[in-house]
Each structure stands twice: as structure tokens, then as C-alpha cells.
$ cat my_file-v2.cif   # mmCIF, C-alpha atoms
data_entry
#
loop_
_atom_site.label_atom_id
_atom_site.label_comp_id
_atom_site.auth_asym_id
_atom_site.auth_seq_id
_atom_site.Cartn_x
_atom_site.Cartn_y
_atom_site.Cartn_z
CA MET A 1254 107.16 67.08 -47.04
CA LYS A 1255 105.08 64.33 -45.48
CA SER A 1256 106.33 61.75 -47.99
CA THR A 1257 109.94 62.85 -47.42
CA LEU A 1258 109.58 62.35 -43.67
CA LEU A 1259 107.96 58.98 -44.25
CA SER A 1260 110.82 57.94 -46.55
CA LEU A 1261 113.38 59.13 -44.03
CA ALA A 1262 111.64 57.19 -41.25
CA MET A 1263 111.63 54.02 -43.38
CA CYS A 1264 115.35 54.42 -44.13
CA LEU A 1265 116.10 54.82 -40.42
CA CYS A 1266 114.06 51.72 -39.61
CA LEU A 1267 115.98 49.71 -42.22
CA LEU A 1268 119.31 50.91 -40.82
CA VAL A 1269 118.31 49.98 -37.28
CA VAL A 1270 117.17 46.51 -38.38
CA LYS A 1271 120.42 45.94 -40.34
CA ALA A 1272 122.52 47.17 -37.40
CA GLN A 1273 121.04 44.54 -35.08
CA PRO A 1274 123.37 41.69 -34.18
CA ALA A 1275 122.76 38.28 -35.66
CA SER A 1276 119.97 36.17 -34.24
CA ALA A 1277 120.75 33.54 -31.65
CA PRO A 1278 120.71 30.60 -34.14
CA GLU A 1279 123.20 32.38 -36.43
CA VAL A 1280 125.54 33.15 -33.55
CA LYS A 1281 125.23 29.57 -32.26
CA GLU A 1282 126.07 28.23 -35.72
CA PHE A 1283 129.16 30.42 -35.88
CA GLU A 1284 130.16 29.38 -32.33
CA VAL A 1285 130.09 25.71 -33.39
CA PHE A 1286 132.31 26.58 -36.36
CA TRP A 1287 134.64 28.65 -34.16
CA LYS A 1288 135.12 25.76 -31.68
CA LYS A 1289 136.22 23.45 -34.50
CA LEU A 1290 138.57 26.05 -35.96
CA TYR A 1291 139.89 26.96 -32.50
CA THR A 1292 140.70 23.31 -31.72
CA ALA A 1293 142.64 22.96 -34.98
CA ILE A 1294 144.53 26.22 -34.36
CA VAL A 1295 145.49 25.26 -30.78
CA LYS A 1296 146.78 21.89 -32.01
CA LYS A 1297 148.60 23.68 -34.84
CA ASP A 1298 146.99 21.16 -37.17
CA TYR A 1299 147.33 23.15 -40.39
CA ASN A 1300 145.60 20.47 -42.48
CA ALA A 1301 142.54 20.69 -40.23
CA VAL A 1302 142.66 24.51 -40.25
CA SER A 1303 142.78 24.36 -44.06
CA GLN A 1304 139.34 22.73 -44.10
CA TYR A 1305 137.89 25.98 -42.76
CA ILE A 1306 139.51 28.26 -45.35
CA GLU A 1307 138.31 29.43 -48.72
CA PHE A 1308 141.42 29.29 -50.90
CA PRO A 1309 143.06 31.32 -52.11
CA LEU A 1310 143.12 33.09 -48.74
CA VAL A 1311 143.49 36.87 -49.09
CA VAL A 1312 145.99 38.47 -46.72
CA LYS A 1313 146.58 42.18 -46.21
CA LYS A 1314 150.34 42.45 -45.99
CA ASN A 1315 150.69 45.40 -43.60
CA LEU A 1316 149.02 48.41 -42.06
CA ALA A 1317 151.06 50.89 -44.10
CA ASP A 1318 149.32 50.21 -47.41
CA ASN A 1319 146.51 48.30 -49.06
CA THR A 1320 148.69 45.64 -50.64
CA VAL A 1321 147.26 42.14 -50.42
CA GLN A 1322 148.58 38.74 -51.31
CA THR A 1323 146.86 35.44 -51.86
CA ILE A 1324 147.86 32.27 -50.09
CA GLY A 1325 147.19 28.91 -51.71
CA ARG A 1326 146.55 25.63 -49.93
CA GLN A 1327 150.18 24.49 -50.41
CA GLU A 1328 151.61 27.73 -48.98
CA PHE A 1329 149.20 27.90 -46.08
CA PRO A 1330 151.09 25.88 -43.41
CA ARG A 1331 154.22 28.01 -43.80
CA PHE A 1332 152.21 31.26 -43.84
CA PHE A 1333 150.06 30.34 -40.84
CA SER A 1334 152.98 29.12 -38.76
CA GLY A 1335 154.65 32.50 -39.33
CA TYR A 1336 151.40 34.32 -38.60
CA LEU A 1337 150.97 32.53 -35.25
CA ASP A 1338 154.52 33.54 -34.25
CA MET A 1339 153.92 37.24 -34.94
CA PRO A 1340 153.81 39.67 -31.98
CA ALA A 1341 150.34 40.34 -30.58
CA LYS A 1342 148.70 43.09 -28.58
CA ASP A 1343 148.26 43.41 -24.84
CA GLU A 1344 149.77 40.75 -22.61
CA PHE A 1345 150.12 38.14 -25.35
CA VAL A 1346 153.55 37.25 -26.68
CA ASN A 1347 152.27 36.25 -30.11
CA LYS A 1348 149.14 35.67 -32.19
CA TYR A 1349 149.05 32.03 -31.11
CA GLY A 1350 148.70 33.08 -27.46
CA LEU A 1351 146.04 35.62 -28.37
CA LEU A 1352 143.99 33.08 -30.33
CA ARG A 1353 144.48 30.39 -27.71
CA ALA A 1354 142.85 32.73 -25.17
CA ARG A 1355 139.73 33.03 -27.37
CA LYS A 1356 138.30 29.58 -26.75
CA ALA A 1357 134.83 31.05 -26.31
CA LEU A 1358 133.53 34.05 -28.20
CA SER A 1359 133.02 37.18 -26.12
CA GLU A 1360 129.84 39.23 -26.23
CA ASP A 1361 131.73 41.76 -28.38
CA ASP A 1362 132.71 38.98 -30.79
CA LYS A 1363 129.09 37.91 -31.06
CA THR A 1364 128.07 41.41 -32.15
CA MET A 1365 130.48 41.01 -35.10
CA VAL A 1366 128.56 38.01 -36.43
CA ASP A 1367 125.73 38.41 -38.88
CA GLU A 1368 123.93 35.92 -41.06
CA ASP A 1369 126.73 35.52 -43.62
CA SER A 1370 129.87 37.19 -42.27
CA ALA A 1371 131.86 37.59 -39.08
CA THR A 1372 135.02 39.33 -37.90
CA ILE A 1373 137.10 37.91 -35.06
CA GLU A 1374 140.52 39.48 -34.34
CA ASP A 1375 142.41 39.64 -37.68
CA PHE A 1376 140.06 37.21 -39.39
CA GLU A 1377 137.14 37.83 -41.72
CA PHE A 1378 134.76 34.91 -42.23
CA GLN A 1379 132.00 34.44 -44.76
CA LYS A 1380 129.51 31.76 -45.56
CA VAL A 1381 130.59 30.01 -48.75
CA ASP A 1382 128.09 27.53 -50.16
CA GLY A 1383 126.33 27.50 -46.77
CA GLU A 1384 129.49 26.82 -44.73
CA TRP A 1385 131.59 29.23 -42.68
CA LYS A 1386 135.05 29.84 -44.14
CA LEU A 1387 137.99 32.08 -43.32
CA VAL A 1388 138.37 34.33 -46.36
CA TYR A 1389 140.59 37.24 -45.30
CA VAL A 1390 143.36 37.97 -42.81
CA TYR A 1391 143.90 41.63 -41.94
CA ALA A 1392 147.22 43.43 -41.54
CA THR A 1393 149.89 41.02 -40.49
CA THR A 1394 152.73 43.48 -39.89
CA ASN A 1395 153.07 47.12 -38.86
CA GLU A 1396 155.74 47.93 -41.44
#
$ encode --input "my_file-v2.cif" --output "C-alpha cells"
Amino acid sequence: MKSTLLSLAMCLCLLVVKAQPASAPEVKEFEVFWKKLYTAIVKKDYNAVSQYIEFPLVVKKNLADNTVQTIGRQEFPRFFSGYLDMPAKDEFVNKYGLLRARKALSEDDKTMVDEDSATIEDFEFQKVDGEWKLVYVYATTNE
């Protein structure tokens, strides 16, 4: 009984430690990356945005199912232009307006950053060979 309680306590401690947000240096590193990506997105410089993507980029087609597609480097400008024109939530007309409003990461955004992954809006980022890269775009349509 005593060893079971000790094991349970250790498991809880591990879960609490893992649930902690990333340390300040990790968040700062991601913020530097985000500012570069943000600048390229606002300028609609798809070649610059491509530098921050791990190709092929995986895209979940819609909320209705789990279908995904992959986007290669050559297809990316057309895909991303269409993505930015898509309707967005709240007061934003489209995804471009939504992303443009995210110049700085919010405190909520920062809690979604850990040492090797981050989620901001529809984007999933991971560290690839020590560098942050966009690897996944979540549901792009509600069909």
C-alpha cells in the first residue's frame, strides 16, 4: 500500500512538471521565431514564409473528417494565399486579418509553447534539427 501511494505520488509529480509551461528562454526563442514568421506573413512573402516550414506541410482538410493532404514547396504559395483569404472567427474578415493581429504572442499563446513544440491558432510548430518549423495546419474549412 505504501509503495503504491509513493508510486502514485511520483506519477502526479511527473504530470505536474510536464504540464508546466515552457521556461522563459524557450518561450523567448519561439517569440523570436514568431516575429520573423509574422513579418513574412504580413508582407505575404511566401518565399520567406517557406523558410519556416518543414515540407511537405501537412494540412487537415476540414473539421468534418480526419483527411489530411500534404503541400509541397511548389504548391505552397497558392495554398497559403487561399488559406489567408479564408473566413476567420470573431471580428476578423479572414485568416490574414486574424494573423496580422497576432504580432506579439499573448500569455495564452505562451502557455502553448514547450521545449520542442508550439500551437498558435491553426498552426502546429516543432523543432526540426534545432530550428522551429511549421509542420501542420489544422482544419481549413468547416465542410
$ residues_around --input "my_file-v2.cif" --residues "stretch 1331-1344 of chain A" --least-positions-apart "3" --cutoff "10 Å" --atoms "only C-alpha atoms" --output "VMD selection string"
chain A and resid 1294 1297 1299 1302 to 1303 1312 1324 to 1325 1327 to 1328 1347 to 1352 1390 1393 to 1394
$ residues_around --input "my_file-v2.cif" --residues "A:Leu1310" --least-positions-apart "2" --cutoff "6 Å" --atoms "only C-alpha atoms" --output "PyMOL selection string"
chain A and resi 1308+1323-1324+1388-1389
$ resolve_selection --input "my_file-v2.cif" --expression "the PyMOL selection byres ((chain A and resi 1377) around 8)" --output "PyMOL selection string"
chain A and resi 1370-1373+1375-1376+1378-1379+1387-1391
$ resolve_selection --input "my_file-v2.cif" --expression "the PyMOL selection byres ((chain A and resi 1280) around 10)" --output "list in words"
Pro1274, Ala1275, Ser1276, Ala1277, Pro1278, Glu1279, Lys1281, Glu1282, Phe1283, Glu1284, Val1285, Phe1286, Leu1358, Asp1362, Lys1363, Thr1364, Met1365, Val1366, Asp1367, Glu1368 and Ala1371 of chain A
$ atom_distance --input "my_file-v2.cif" --atom1 "atom CA of A:Ala1354" --atom2 "atom CA of A:Ala1293"
13.8 Å
$ residues_around --input "my_file-v2.cif" --residues "A:Gln1304" --least-positions-apart "3" --cutoff "9 Å" --atoms "all atoms listed in the file" --output "list in words"
Leu1290, Tyr1299, Asn1300, Ala1301, Glu1307 and Lys1386 of chain A
$ write_last_selection --input "my_file-v2.cif" --atoms "C-alpha atoms" --output "JSON list (two decimals), in the frame of the given file"
[["chain", "number", "residue", "atom", "x", "y", "z"],
["A", 1290, "LEU", "CA", 138.57, 26.05, -35.96],
["A", 1299, "TYR", "CA", 147.33, 23.15, -40.39],
["A", 1300, "ASN", "CA", 145.60, 20.47, -42.48],
["A", 1301, "ALA", "CA", 142.54, 20.69, -40.23],
["A", 1307, "GLU", "CA", 138.31, 29.43, -48.72],
["A", 1386, "LYS", "CA", 135.05, 29.84, -44.14]]
$ atom_distance --input "my_file-v2.cif" --atom1 "atom CA of A:Arg1355" --atom2 "atom CA of A:Lys1296"
14.0 Å
$ build_atoms --input "my_file-v2.cif" --residues "stretch 1349-1360 of chain A" --atoms "all heavy atoms" --output "PDB file, keeping the file's coordinate frame"
ATOM      1  N   TYR A1349     149.477  33.336 -31.610  1.00  0.00           N
ATOM      2  CA  TYR A1349     149.050  32.030 -31.110  1.00  0.00           C
ATOM      3  C   TYR A1349     148.479  32.168 -29.691  1.00  0.00           C
ATOM      4  O   TYR A1349     147.399  31.648 -29.400  1.00  0.00           O
ATOM      5  CB  TYR A1349     150.209  31.034 -31.129  1.00  0.00           C
ATOM      6  CG  TYR A1349     149.829  29.683 -30.576  1.00  0.00           C
ATOM      7  CD1 TYR A1349     149.043  28.808 -31.320  1.00  0.00           C
ATOM      8  CD2 TYR A1349     150.243  29.286 -29.312  1.00  0.00           C
ATOM      9  CE1 TYR A1349     148.682  27.577 -30.817  1.00  0.00           C
ATOM     10  CE2 TYR A1349     149.887  28.052 -28.802  1.00  0.00           C
ATOM     11  CZ  TYR A1349     149.109  27.197 -29.553  1.00  0.00           C
ATOM     12  OH  TYR A1349     148.744  25.974 -29.047  1.00  0.00           O
ATOM     13  N   GLY A1350     149.184  32.866 -28.820  1.00  0.00           N
ATOM     14  CA  GLY A1350     148.700  33.080 -27.460  1.00  0.00           C
ATOM     15  C   GLY A1350     147.390  33.838 -27.429  1.00  0.00           C
ATOM     16  O   GLY A1350     146.485  33.516 -26.648  1.00  0.00           O
ATOM     17  N   LEU A1351     147.273  34.824 -28.286  1.00  0.00           N
ATOM     18  CA  LEU A1351     146.040  35.620 -28.370  1.00  0.00           C
ATOM     19  C   LEU A1351     144.866  34.742 -28.799  1.00  0.00           C
ATOM     20  O   LEU A1351     143.795  34.767 -28.189  1.00  0.00           O
ATOM     21  CB  LEU A1351     146.235  36.772 -29.352  1.00  0.00           C
ATOM     22  CG  LEU A1351     145.028  37.645 -29.635  1.00  0.00           C
ATOM     23  CD1 LEU A1351     144.628  38.425 -28.387  1.00  0.00           C
ATOM     24  CD2 LEU A1351     145.327  38.598 -30.772  1.00  0.00           C
ATOM     25  N   LEU A1352     145.070  33.941 -29.844  1.00  0.00           N
ATOM     26  CA  LEU A1352     143.990  33.080 -30.330  1.00  0.00           C
ATOM     27  C   LEU A1352     143.676  31.968 -29.330  1.00  0.00           C
ATOM     28  O   LEU A1352     142.515  31.608 -29.141  1.00  0.00           O
ATOM     29  CB  LEU A1352     144.351  32.493 -31.693  1.00  0.00           C
ATOM     30  CG  LEU A1352     144.341  33.499 -32.841  1.00  0.00           C
ATOM     31  CD1 LEU A1352     144.939  32.893 -34.091  1.00  0.00           C
ATOM     32  CD2 LEU A1352     142.936  34.008 -33.107  1.00  0.00           C
ATOM     33  N   ARG A1353     144.691  31.450 -28.701  1.00  0.00           N
ATOM     34  CA  ARG A1353     144.480  30.390 -27.710  1.00  0.00           C
ATOM     35  C   ARG A1353     143.587  30.876 -26.564  1.00  0.00           C
ATOM     36  O   ARG A1353     142.796  30.108 -25.998  1.00  0.00           O
ATOM     37  CB  ARG A1353     145.826  29.926 -27.180  1.00  0.00           C
ATOM     38  CG  ARG A1353     145.750  28.693 -26.342  1.00  0.00           C
ATOM     39  CD  ARG A1353     147.141  28.264 -25.907  1.00  0.00           C
ATOM     40  NE  ARG A1353     147.023  27.226 -24.927  1.00  0.00           N
ATOM     41  CZ  ARG A1353     147.197  25.935 -25.172  1.00  0.00           C
ATOM     42  NH1 ARG A1353     147.536  25.543 -26.372  1.00  0.00           N
ATOM     43  NH2 ARG A1353     147.051  25.057 -24.220  1.00  0.00           N
ATOM     44  N   ALA A1354     143.669  32.151 -26.242  1.00  0.00           N
ATOM     45  CA  ALA A1354     142.850  32.730 -25.170  1.00  0.00           C
ATOM     46  C   ALA A1354     141.404  32.973 -25.597  1.00  0.00           C
ATOM     47  O   ALA A1354     140.575  33.349 -24.775  1.00  0.00           O
ATOM     48  CB  ALA A1354     143.484  34.045 -24.707  1.00  0.00           C
ATOM     49  N   ARG A1355     141.078  32.739 -26.863  1.00  0.00           N
ATOM     50  CA  ARG A1355     139.730  33.030 -27.370  1.00  0.00           C
ATOM     51  C   ARG A1355     138.910  31.761 -27.570  1.00  0.00           C
ATOM     52  O   ARG A1355     138.170  31.641 -28.541  1.00  0.00           O
ATOM     53  CB  ARG A1355     139.849  33.796 -28.680  1.00  0.00           C
ATOM     54  CG  ARG A1355     140.609  35.100 -28.462  1.00  0.00           C
ATOM     55  CD  ARG A1355     140.454  35.995 -29.614  1.00  0.00           C
ATOM     56  NE  ARG A1355     139.100  36.461 -29.703  1.00  0.00           N
ATOM     57  CZ  ARG A1355     138.691  37.654 -29.326  1.00  0.00           C
ATOM     58  NH1 ARG A1355     139.533  38.490 -28.800  1.00  0.00           N
ATOM     59  NH2 ARG A1355     137.459  38.031 -29.492  1.00  0.00           N
ATOM     60  N   LYS A1356     139.023  30.848 -26.630  1.00  0.00           N
ATOM     61  CA  LYS A1356     138.300  29.580 -26.750  1.00  0.00           C
ATOM     62  C   LYS A1356     136.806  29.811 -26.954  1.00  0.00           C
ATOM     63  O   LYS A1356     136.181  29.193 -27.800  1.00  0.00           O
ATOM     64  CB  LYS A1356     138.539  28.726 -25.505  1.00  0.00           C
ATOM     65  CG  LYS A1356     137.881  27.378 -25.567  1.00  0.00           C
ATOM     66  CD  LYS A1356     138.246  26.524 -24.389  1.00  0.00           C
ATOM     67  CE  LYS A1356     137.663  25.140 -24.564  1.00  0.00           C
ATOM     68  NZ  LYS A1356     138.099  24.255 -23.472  1.00  0.00           N
ATOM     69  N   ALA A1357     136.251  30.702 -26.175  1.00  0.00           N
ATOM     70  CA  ALA A1357     134.830  31.050 -26.310  1.00  0.00           C
ATOM     71  C   ALA A1357     134.732  32.472 -26.853  1.00  0.00           C
ATOM     72  O   ALA A1357     135.563  33.325 -26.525  1.00  0.00           O
ATOM     73  CB  ALA A1357     134.126  30.942 -24.976  1.00  0.00           C
ATOM     74  N   LEU A1358     133.736  32.709 -27.658  1.00  0.00           N
ATOM     75  CA  LEU A1358     133.530  34.050 -28.200  1.00  0.00           C
ATOM     76  C   LEU A1358     132.992  34.967 -27.117  1.00  0.00           C
ATOM     77  O   LEU A1358     132.112  34.586 -26.340  1.00  0.00           O
ATOM     78  CB  LEU A1358     132.547  34.001 -29.363  1.00  0.00           C
ATOM     79  CG  LEU A1358     132.973  33.182 -30.573  1.00  0.00           C
ATOM     80  CD1 LEU A1358     131.854  33.161 -31.612  1.00  0.00           C
ATOM     81  CD2 LEU A1358     134.249  33.722 -31.188  1.00  0.00           C
ATOM     82  N   SER A1359     133.514  36.188 -27.074  1.00  0.00           N
ATOM     83  CA  SER A1359     133.020  37.180 -26.120  1.00  0.00           C
ATOM     84  C   SER A1359     131.718  37.782 -26.643  1.00  0.00           C
ATOM     85  O   SER A1359     131.346  37.583 -27.803  1.00  0.00           O
ATOM     86  CB  SER A1359     134.068  38.286 -25.940  1.00  0.00           C
ATOM     87  OG  SER A1359     134.158  39.067 -27.121  1.00  0.00           O
ATOM     88  N   GLU A1360     131.059  38.538 -25.796  1.00  0.00           N
ATOM     89  CA  GLU A1360     129.840  39.230 -26.230  1.00  0.00           C
ATOM     90  C   GLU A1360     130.154  40.206 -27.359  1.00  0.00           C
ATOM     91  O   GLU A1360     129.364  40.370 -28.287  1.00  0.00           O
ATOM     92  CB  GLU A1360     129.160  39.925 -25.058  1.00  0.00           C
ATOM     93  CG  GLU A1360     128.546  38.961 -24.054  1.00  0.00           C
ATOM     94  CD  GLU A1360     127.548  37.988 -24.676  1.00  0.00           C
ATOM     95  OE1 GLU A1360     126.661  38.420 -25.446  1.00  0.00           O
ATOM     96  OE2 GLU A1360     127.668  36.781 -24.398  1.00  0.00           O
TER      97      GLU A1360
END
